[in-house]
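All remarks here apply to the structure that follows.
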2 protein chains.
Amino acid sequence: MSKLLIVGTVAFDAIETPFGKTDKILGGSASYISLAASQFGVKSGIVSVVGGDFPKEYLAKLNERDINTDAVEIIEDGKTFFWSGKYHNDLNSRDTLITDLNVLADFKPVVSEKFKNAEFLLLGNLHPAVQMDVINQLNSKPKLIALDTMNFWMDNALEDLMKVIAKIDVITINDEEARQLSGEYSLVKAAQKIHKMGPEYVVIKKGEHGALLFHEENVFFAPALPLEEVFDPTGAGDTFAGGFIGHLAKTEDISFENMKRAVIAGSNLASFCVEKFGTERMEDLSSDEIQKRLLQFKLLTQFEIEIN
Amino acid sequence: MSKLLIVGTVAFDAIETPFGKTDKILGGSASYISLAASQFGVKSGIVSVVGGDFPKEYLAKLNERDINTDAVEIIEDGKTFFWSGKYHNDLNSRDTLITDLNVLADFKPVVSEKFKNAEFLLLGNLHPAVQMDVINQLNSKPKLIALDTMNFWMDNALEDLMKVIAKIDVITINDEEARQLSGEYSLVKAAQKIHKMGPEYVVIKKGEHGALLFHEENVFFAPALPLEEVFDPTGAGDTFAGGFIGHLAKTEDISFENMKRAVIAGSNLASFCVEKFGTERMEDLSSDEIQKRLLQFKLLTQFEIEIN
């Protein structure tokens, strides 16, 4: 049995940044999420789909880290989802060059028996109807369901998106998307409105400006670590989400206090992800490096002040 | 004797935001800085210049708060510096409609005897030659000199700016200006380069995204408080600087640990400043409100995490 079930894309990415350019490398939301979550020693499984062109060694890389890929359907005569993008000089914006959905276009997720009792479910960025389909196949409601989404689904599948958002506990979304979904510019008001749509916890990702966690009247802020170099931002948001759910699944504690730690854990892993192309840095990351950087997060944010 | 000497503009502002519009109201960097610093019960004095059109009651408002305005020169047949701007809907950008330098164009600061031994000097945003002129008139080097500047001086008086930057201890500057001054996109690298220009401490203001404090290998981050409403961002940066120096002058402790608190104190006051037009909120602010919000800053950023 896998404790953590991850639904998302497993894909090829071709990335160009001011520092270089890759051929087709391992990408996709589920790849980044599962690699991040694997840092917490949590057994996870992915529900996704690839084509016959997808290298077995990519799946083997994931399996080595206790990531079960039995439910990654392989459509032998199909082609794997392919995304290609080019980042601008500031690395804060990018142009999408190619989005070939390929086998993803007709993806019908099948949750196998051993995943149907997963305690933690992370619905990575995918069509909201697919996300809902996965929820409906489970035997019981997981301890926690987190969902990541993007503006594309707000533009193209808002009704489906609203239905699945009503079923989840945590949404992770970036600042512009939070504004679009809520119609509010203030992120505080946006979080209040999104909260009313369903999720008890709203996480707003602000990229290099950190992330905000909202719950009832409480708000917590995790900064992004100021870095000398950002090499490739691809996958940072998914890595954040994977670190977040990985920490929660490991500790099995879904209190607000522990979610604060989960947001820090996610920010910490995301700070590594951007140091190399694609998933490269997440593959060679050691537990020691993670611990050292956690200390940097503490030093970055903690202060003692007298309050009268 | 005033412990804190503030050099900057005392001006008229006319502000338009999506929420309303003002006639000529009290503005200027020195006004915001001194009002913020006055919250710490520190005696301060302003060196500046106004025209004969400047209402005596504006100066009286400052005097009531132990802000000495004897060195605010009044040029009876001149007109006060006037700035007018209109904010865009997101409040993150604005168009300057009018900049009438008026008496500021020929301003020669005169530091009176009672300010020449000030322990803390804040050089608010002004021509760098004027900032340098003030440093040169002091009897001895203050315990701490902080300087605020902007891109306009980088474009138009870079040589003078570099000279004064070499003489100071702390620079406060926004992110885009830090990038312009250093030629580095990464704020970590930008701070390293600016550090080499002179100041031991570099504070990079990121507006609604908070502020970073750099010193040697150390970095500290103070978030901006997420607010439901931002009414008028005018003066937030100066209020931040005033709160920063006010805290340092009150505590007389210029260690890195205490500067972290000073950055929080500045962010705290800036979060109030934006709640009303101009200096209005800073004038009716109570110590109790400040303390309550400090607690919010703690709750926003503090976490307990196990590091192995």
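Identifiers for the structure tokens are assigned positionally: chains receive A, B, ... in sequence, residues are indexed from 1 per chain, and ligands are indexed from 1 in the order shown.
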Review point. For chain B, which residues have at least one atom within 7 Å of chain A, if we go by only C-alpha atoms? Write them as a VMD selection string, please.
Key: chain B and resid 186 188 to 189 209 219 to 222 226 to 229 260 to 261 291 294 to 295 299 to 303 305 307 to 308
Exercise for review: Taking the DSSP assignment computed from this structure's backbone, write out as a PyMOL selection string all residues of segment 203-296 of chain A that belong to helix (DSSP H, G or I).
Suggested key: chain A and resi 207-209+236-251+256-273+280-283+287-296
Export, as a PDB file, in the first residue's frame, the selected residues with C-alpha atoms.
ATOM      1  CA  GLY A 207       7.711  32.124  -6.884  1.00  0.00           C
ATOM      2  CA  GLU A 208      10.863  33.992  -5.881  1.00  0.00           C
ATOM      3  CA  HIS A 209       8.725  35.960  -3.397  1.00  0.00           C
ATOM      4  CA  ALA A 236       9.768  24.553  -8.722  1.00  0.00           C
ATOM      5  CA  GLY A 237       6.033  24.846  -8.018  1.00  0.00           C
ATOM      6  CA  ASP A 238       5.504  21.079  -8.282  1.00  0.00           C
ATOM      7  CA  THR A 239       8.559  20.447  -6.137  1.00  0.00           C
ATOM      8  CA  PHE A 240       7.124  22.824  -3.543  1.00  0.00           C
ATOM      9  CA  ALA A 241       3.840  20.893  -3.591  1.00  0.00           C
ATOM     10  CA  GLY A 242       5.693  17.558  -3.376  1.00  0.00           C
ATOM     11  CA  GLY A 243       7.750  18.727  -0.412  1.00  0.00           C
ATOM     12  CA  PHE A 244       4.620  20.060   1.262  1.00  0.00           C
ATOM     13  CA  ILE A 245       2.656  16.804   0.947  1.00  0.00           C
ATOM     14  CA  GLY A 246       5.776  14.683   1.613  1.00  0.00           C
ATOM     15  CA  HIS A 247       6.299  16.375   4.971  1.00  0.00           C
ATOM     16  CA  LEU A 248       2.629  15.965   5.911  1.00  0.00           C
ATOM     17  CA  ALA A 249       2.527  12.307   4.840  1.00  0.00           C
ATOM     18  CA  LYS A 250       5.695  11.521   6.781  1.00  0.00           C
ATOM     19  CA  THR A 251       4.531  13.213   9.981  1.00  0.00           C
ATOM     20  CA  PHE A 256      -1.852  24.298  11.076  1.00  0.00           C
ATOM     21  CA  GLU A 257       1.424  24.293  13.050  1.00  0.00           C
ATOM     22  CA  ASN A 258       2.649  21.323  11.067  1.00  0.00           C
ATOM     23  CA  MET A 259       1.436  22.778   7.781  1.00  0.00           C
ATOM     24  CA  LYS A 260       3.712  25.738   8.478  1.00  0.00           C
ATOM     25  CA  ARG A 261       6.618  23.300   8.608  1.00  0.00           C
ATOM     26  CA  ALA A 262       5.314  21.643   5.432  1.00  0.00           C
ATOM     27  CA  VAL A 263       5.362  24.991   3.605  1.00  0.00           C
ATOM     28  CA  ILE A 264       8.949  25.554   4.753  1.00  0.00           C
ATOM     29  CA  ALA A 265       9.871  22.003   3.671  1.00  0.00           C
ATOM     30  CA  GLY A 266       8.378  22.653   0.239  1.00  0.00           C
ATOM     31  CA  SER A 267      10.159  25.987  -0.140  1.00  0.00           C
ATOM     32  CA  ASN A 268      13.387  24.335   0.906  1.00  0.00           C
ATOM     33  CA  LEU A 269      13.178  21.647  -1.788  1.00  0.00           C
ATOM     34  CA  ALA A 270      12.090  24.172  -4.431  1.00  0.00           C
ATOM     35  CA  SER A 271      15.245  26.176  -3.694  1.00  0.00           C
ATOM     36  CA  PHE A 272      17.311  23.161  -4.777  1.00  0.00           C
ATOM     37  CA  CYS A 273      15.158  22.311  -7.795  1.00  0.00           C
ATOM     38  CA  GLU A 280      18.645  16.783 -12.115  1.00  0.00           C
ATOM     39  CA  ARG A 281      19.219  18.502  -8.781  1.00  0.00           C
ATOM     40  CA  MET A 282      16.365  16.610  -7.120  1.00  0.00           C
ATOM     41  CA  GLU A 283      17.971  13.336  -8.149  1.00  0.00           C
ATOM     42  CA  SER A 287      19.449  14.564   3.223  1.00  0.00           C
ATOM     43  CA  ASP A 288      22.411  16.422   4.680  1.00  0.00           C
ATOM     44  CA  GLU A 289      22.075  19.243   2.172  1.00  0.00           C
ATOM     45  CA  ILE A 290      18.368  19.511   2.943  1.00  0.00           C
ATOM     46  CA  GLN A 291      18.999  19.778   6.677  1.00  0.00           C
ATOM     47  CA  LYS A 292      21.678  22.433   6.209  1.00  0.00           C
ATOM     48  CA  ARG A 293      19.374  24.555   4.123  1.00  0.00           C
ATOM     49  CA  LEU A 294      16.548  24.208   6.630  1.00  0.00           C
ATOM     50  CA  LEU A 295      18.871  25.955   9.053  1.00  0.00           C
ATOM     51  CA  GLN A 296      19.319  28.739   6.497  1.00  0.00           C
TER      52      GLN A 296
END
Practice item. Please run DSSP on the backbone and report, as JSON, numbers by chain, all residues within segment 175-243 of chain B that come out as strand (DSSP E or B). Key: {"B": [201, 202, 203, 204, 205, 211, 212, 213, 214, 215, 218, 219, 220, 221, 222]}
Let me see the file: selected residues, N, CA, C and O atoms, as a compact mmCIF listing (two decimals), in the first residue's frame.
# COMPACT_ATOMS: atom_id res chain seq x y z
N TYR B 201 25.90 47.26 5.59
CA TYR B 201 24.56 46.67 5.59
C TYR B 201 23.79 47.14 4.36
O TYR B 201 23.78 48.33 4.06
N VAL B 202 23.18 46.20 3.67
CA VAL B 202 22.39 46.53 2.49
C VAL B 202 20.96 46.05 2.73
O VAL B 202 20.73 44.87 3.01
N VAL B 203 20.01 46.98 2.67
CA VAL B 203 18.60 46.63 2.84
C VAL B 203 17.91 46.80 1.49
O VAL B 203 17.92 47.89 0.92
N ILE B 204 17.37 45.71 0.97
CA ILE B 204 16.67 45.77 -0.31
C ILE B 204 15.17 45.67 -0.05
O ILE B 204 14.68 44.68 0.49
N LYS B 205 14.47 46.75 -0.43
CA LYS B 205 13.03 46.83 -0.21
C LYS B 205 12.30 46.26 -1.42
O LYS B 205 12.57 46.66 -2.54
N ALA B 211 11.26 42.83 2.65
CA ALA B 211 12.58 43.46 2.59
C ALA B 211 13.65 42.48 3.03
O ALA B 211 13.42 41.63 3.90
N LEU B 212 14.81 42.59 2.40
CA LEU B 212 15.95 41.74 2.72
C LEU B 212 17.05 42.58 3.35
O LEU B 212 17.37 43.67 2.87
N LEU B 213 17.66 42.06 4.41
CA LEU B 213 18.80 42.71 5.06
C LEU B 213 20.03 41.84 4.86
O LEU B 213 20.03 40.67 5.23
N PHE B 214 21.06 42.41 4.24
CA PHE B 214 22.30 41.67 3.99
C PHE B 214 23.44 42.25 4.83
O PHE B 214 23.59 43.48 4.91
N HIS B 215 24.24 41.39 5.42
CA HIS B 215 25.44 41.81 6.16
C HIS B 215 26.44 40.66 6.11
O HIS B 215 26.15 39.58 6.61
N ASN B 218 25.46 37.01 6.09
CA ASN B 218 24.14 36.83 6.68
C ASN B 218 23.06 37.50 5.86
O ASN B 218 23.27 38.57 5.29
N VAL B 219 21.90 36.88 5.86
CA VAL B 219 20.76 37.51 5.21
C VAL B 219 19.52 37.26 6.06
O VAL B 219 19.34 36.19 6.65
N PHE B 220 18.72 38.31 6.18
CA PHE B 220 17.47 38.22 6.95
C PHE B 220 16.34 38.78 6.10
O PHE B 220 16.53 39.75 5.36
N PHE B 221 15.18 38.16 6.22
CA PHE B 221 14.05 38.57 5.41
C PHE B 221 12.87 38.98 6.30
O PHE B 221 12.47 38.22 7.18
N ALA B 222 12.35 40.17 6.07
CA ALA B 222 11.13 40.61 6.75
C ALA B 222 10.02 40.67 5.72
O ALA B 222 10.15 41.40 4.73
List the spatial neighbours of segment 119-136 of chain B as a PDB file with N, CA and C atoms, in the first residue's frame - criterion: any atom at most 7 Å away, only C-alpha atoms, same-chain residues fewer than 5 positions off excluded.
ATOM      1  N   LYS B   3      19.046  63.233  18.922  1.00  0.00           N
ATOM      2  CA  LYS B   3      19.821  62.014  18.725  1.00  0.00           C
ATOM      3  C   LYS B   3      19.838  61.605  17.256  1.00  0.00           C
ATOM      4  N   LEU B   4      18.723  61.885  16.598  1.00  0.00           N
ATOM      5  CA  LEU B   4      18.551  61.432  15.214  1.00  0.00           C
ATOM      6  C   LEU B   4      18.384  62.628  14.282  1.00  0.00           C
ATOM      7  N   LEU B   5      19.243  62.692  13.293  1.00  0.00           N
ATOM      8  CA  LEU B   5      19.139  63.756  12.295  1.00  0.00           C
ATOM      9  C   LEU B   5      18.610  63.161  10.986  1.00  0.00           C
ATOM     10  N   ILE B   6      17.617  63.825  10.442  1.00  0.00           N
ATOM     11  CA  ILE B   6      16.973  63.348   9.218  1.00  0.00           C
ATOM     12  C   ILE B   6      17.103  64.418   8.142  1.00  0.00           C
ATOM     13  N   VAL B   7      17.620  64.033   7.003  1.00  0.00           N
ATOM     14  CA  VAL B   7      17.692  64.956   5.879  1.00  0.00           C
ATOM     15  C   VAL B   7      16.775  64.423   4.791  1.00  0.00           C
ATOM     16  N   GLY B   8      15.958  65.272   4.240  1.00  0.00           N
ATOM     17  CA  GLY B   8      15.069  64.796   3.185  1.00  0.00           C
ATOM     18  C   GLY B   8      14.122  65.905   2.786  1.00  0.00           C
ATOM     19  N   SER B  29       9.972  62.914   1.874  1.00  0.00           N
ATOM     20  CA  SER B  29      10.641  61.799   2.559  1.00  0.00           C
ATOM     21  C   SER B  29      10.877  62.102   4.033  1.00  0.00           C
ATOM     22  N   ALA B  30      11.309  63.319   4.357  1.00  0.00           N
ATOM     23  CA  ALA B  30      11.632  63.630   5.759  1.00  0.00           C
ATOM     24  C   ALA B  30      10.386  63.616   6.633  1.00  0.00           C
ATOM     25  N   LYS B 108      20.644  74.306  -0.294  1.00  0.00           N
ATOM     26  CA  LYS B 108      21.959  74.109   0.343  1.00  0.00           C
ATOM     27  C   LYS B 108      21.679  73.825   1.811  1.00  0.00           C
ATOM     28  N   PRO B 109      21.830  72.595   2.235  1.00  0.00           N
ATOM     29  CA  PRO B 109      21.471  72.256   3.614  1.00  0.00           C
ATOM     30  C   PRO B 109      22.409  72.946   4.612  1.00  0.00           C
ATOM     31  N   VAL B 111      23.351  72.460   8.534  1.00  0.00           N
ATOM     32  CA  VAL B 111      23.162  71.682   9.753  1.00  0.00           C
ATOM     33  C   VAL B 111      23.457  72.588  10.943  1.00  0.00           C
ATOM     34  N   PRO B 142      28.708  59.939  12.952  1.00  0.00           N
ATOM     35  CA  PRO B 142      27.650  59.363  13.788  1.00  0.00           C
ATOM     36  C   PRO B 142      27.893  57.868  14.019  1.00  0.00           C
ATOM     37  N   LYS B 143      27.200  57.360  14.996  1.00  0.00           N
ATOM     38  CA  LYS B 143      27.242  55.918  15.277  1.00  0.00           C
ATOM     39  C   LYS B 143      26.779  55.127  14.045  1.00  0.00           C
ATOM     40  N   LEU B 144      25.822  55.681  13.346  1.00  0.00           N
ATOM     41  CA  LEU B 144      25.310  54.993  12.150  1.00  0.00           C
ATOM     42  C   LEU B 144      24.761  56.005  11.151  1.00  0.00           C
ATOM     43  N   ILE B 145      25.168  55.831   9.890  1.00  0.00           N
ATOM     44  CA  ILE B 145      24.586  56.641   8.807  1.00  0.00           C
ATOM     45  C   ILE B 145      23.833  55.706   7.863  1.00  0.00           C
ATOM     46  N   ALA B 146      22.559  55.994   7.673  1.00  0.00           N
ATOM     47  CA  ALA B 146      21.769  55.232   6.699  1.00  0.00           C
ATOM     48  C   ALA B 146      21.374  56.159   5.562  1.00  0.00           C
ATOM     49  N   LEU B 147      21.299  55.596   4.382  1.00  0.00           N
ATOM     50  CA  LEU B 147      20.979  56.399   3.199  1.00  0.00           C
ATOM     51  C   LEU B 147      19.902  55.709   2.377  1.00  0.00           C
ATOM     52  N   ASP B 148      18.953  56.514   1.930  1.00  0.00           N
ATOM     53  CA  ASP B 148      17.944  56.032   1.001  1.00  0.00           C
ATOM     54  C   ASP B 148      18.136  56.801  -0.304  1.00  0.00           C
ATOM     55  N   THR B 149      17.972  56.127  -1.423  1.00  0.00           N
ATOM     56  CA  THR B 149      18.144  56.823  -2.700  1.00  0.00           C
ATOM     57  C   THR B 149      17.204  56.215  -3.728  1.00  0.00           C
ATOM     58  N   MET B 150      17.310  56.663  -4.954  1.00  0.00           N
ATOM     59  CA  MET B 150      16.442  56.104  -5.983  1.00  0.00           C
ATOM     60  C   MET B 150      17.115  56.131  -7.351  1.00  0.00           C
ATOM     61  N   TRP B 153      18.738  59.298  -9.249  1.00  0.00           N
ATOM     62  CA  TRP B 153      20.119  59.747  -8.978  1.00  0.00           C
ATOM     63  C   TRP B 153      21.151  58.842  -9.642  1.00  0.00           C
ATOM     64  N   ASP B 160      28.317  61.443  -7.917  1.00  0.00           N
ATOM     65  CA  ASP B 160      28.040  61.946  -6.569  1.00  0.00           C
ATOM     66  C   ASP B 160      27.463  60.849  -5.678  1.00  0.00           C
ATOM     67  N   LEU B 161      26.605  60.050  -6.273  1.00  0.00           N
ATOM     68  CA  LEU B 161      25.970  58.982  -5.494  1.00  0.00           C
ATOM     69  C   LEU B 161      27.016  57.982  -4.998  1.00  0.00           C
ATOM     70  N   VAL B 164      28.935  59.358  -1.964  1.00  0.00           N
ATOM     71  CA  VAL B 164      28.253  59.342  -0.665  1.00  0.00           C
ATOM     72  C   VAL B 164      28.007  57.914  -0.187  1.00  0.00           C
ATOM     73  N   ALA B 249      17.913  53.900  16.816  1.00  0.00           N
ATOM     74  CA  ALA B 249      18.258  55.056  17.658  1.00  0.00           C
ATOM     75  C   ALA B 249      17.720  54.865  19.073  1.00  0.00           C
TER      76      ALA B 249
END
**Study point:** atom CA of Leu158 of chain B to atom CA of Ser34 of chain B, distance in Å rounded to a single decimal
**Key:**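 Computed distance, atom CA of Leu158 of chain B to atom CA of Ser34 of chain B, equals 26.6 Å.
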Practice item. Within 10 Å of Glu200 of chain B, counting only C-alpha atoms, which residues show up once you throw out same-chain ones fewer than 3 positions away? Write them as JSON, numbers by chain, please. Key: {"B": [166, 168, 169, 170, 171, 191, 192, 194, 195, 196, 197, 214, 215, 216]}
Those residues with N, CA, C and O atoms, as a short mmCIF file (atom, residue, chain, number, x, y, z; two decimals), in the first residue's frame please?
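Output saved as again02.cif:
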data_model
loop_
_atom_site.label_atom_id
_atom_site.label_comp_id
_atom_site.auth_asym_id
_atom_site.auth_seq_id
_atom_site.Cartn_x
_atom_site.Cartn_y
_atom_site.Cartn_z
N ALA B 166 29.96 55.55 -0.44
CA ALA B 166 31.22 55.07 0.15
C ALA B 166 31.36 55.49 1.61
O ALA B 166 32.21 54.96 2.34
N ILE B 168 28.78 55.64 3.97
CA ILE B 168 27.64 55.30 4.83
C ILE B 168 27.72 53.86 5.34
O ILE B 168 28.52 53.05 4.87
N ASP B 169 26.87 53.55 6.32
CA ASP B 169 26.86 52.22 6.94
C ASP B 169 25.74 51.34 6.41
O ASP B 169 25.90 50.12 6.30
N VAL B 170 24.59 51.95 6.13
CA VAL B 170 23.42 51.19 5.67
C VAL B 170 22.82 51.89 4.46
O VAL B 170 22.60 53.10 4.49
N ILE B 171 22.56 51.14 3.41
CA ILE B 171 21.79 51.70 2.29
C ILE B 171 20.44 50.99 2.24
O ILE B 171 20.36 49.78 2.44
N ALA B 191 23.55 42.64 -3.69
CA ALA B 191 23.92 43.09 -2.33
C ALA B 191 25.43 42.97 -2.12
O ALA B 191 26.05 43.85 -1.51
N GLN B 192 26.02 41.89 -2.62
CA GLN B 192 27.47 41.71 -2.49
C GLN B 192 28.22 42.86 -3.16
O GLN B 192 29.18 43.40 -2.61
N ILE B 194 27.06 45.90 -3.91
CA ILE B 194 26.78 47.19 -3.26
C ILE B 194 27.56 47.27 -1.96
O ILE B 194 28.07 48.34 -1.60
N HIS B 195 27.65 46.17 -1.27
CA HIS B 195 28.47 46.09 -0.06
C HIS B 195 29.90 46.58 -0.35
O HIS B 195 30.49 47.33 0.41
N LYS B 196 30.43 46.16 -1.48
CA LYS B 196 31.81 46.56 -1.85
C LYS B 196 31.91 48.05 -2.15
O LYS B 196 33.01 48.62 -2.13
N MET B 197 30.79 48.69 -2.44
CA MET B 197 30.82 50.15 -2.71
C MET B 197 30.94 50.96 -1.41
O MET B 197 31.16 52.16 -1.46
N PHE B 214 21.06 42.41 4.24
CA PHE B 214 22.30 41.67 3.99
C PHE B 214 23.44 42.25 4.83
O PHE B 214 23.59 43.48 4.91
N HIS B 215 24.24 41.39 5.42
CA HIS B 215 25.44 41.81 6.16
C HIS B 215 26.44 40.66 6.11
O HIS B 215 26.15 39.58 6.61
N GLU B 216 27.59 40.91 5.52
CA GLU B 216 28.57 39.84 5.31
C GLU B 216 27.89 38.61 4.72
O GLU B 216 27.21 38.72 3.72
#
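Here atom CA of Glu176 of chain B stands at a distance of 24.1 Å from atom CA of Ala36 of chain B.
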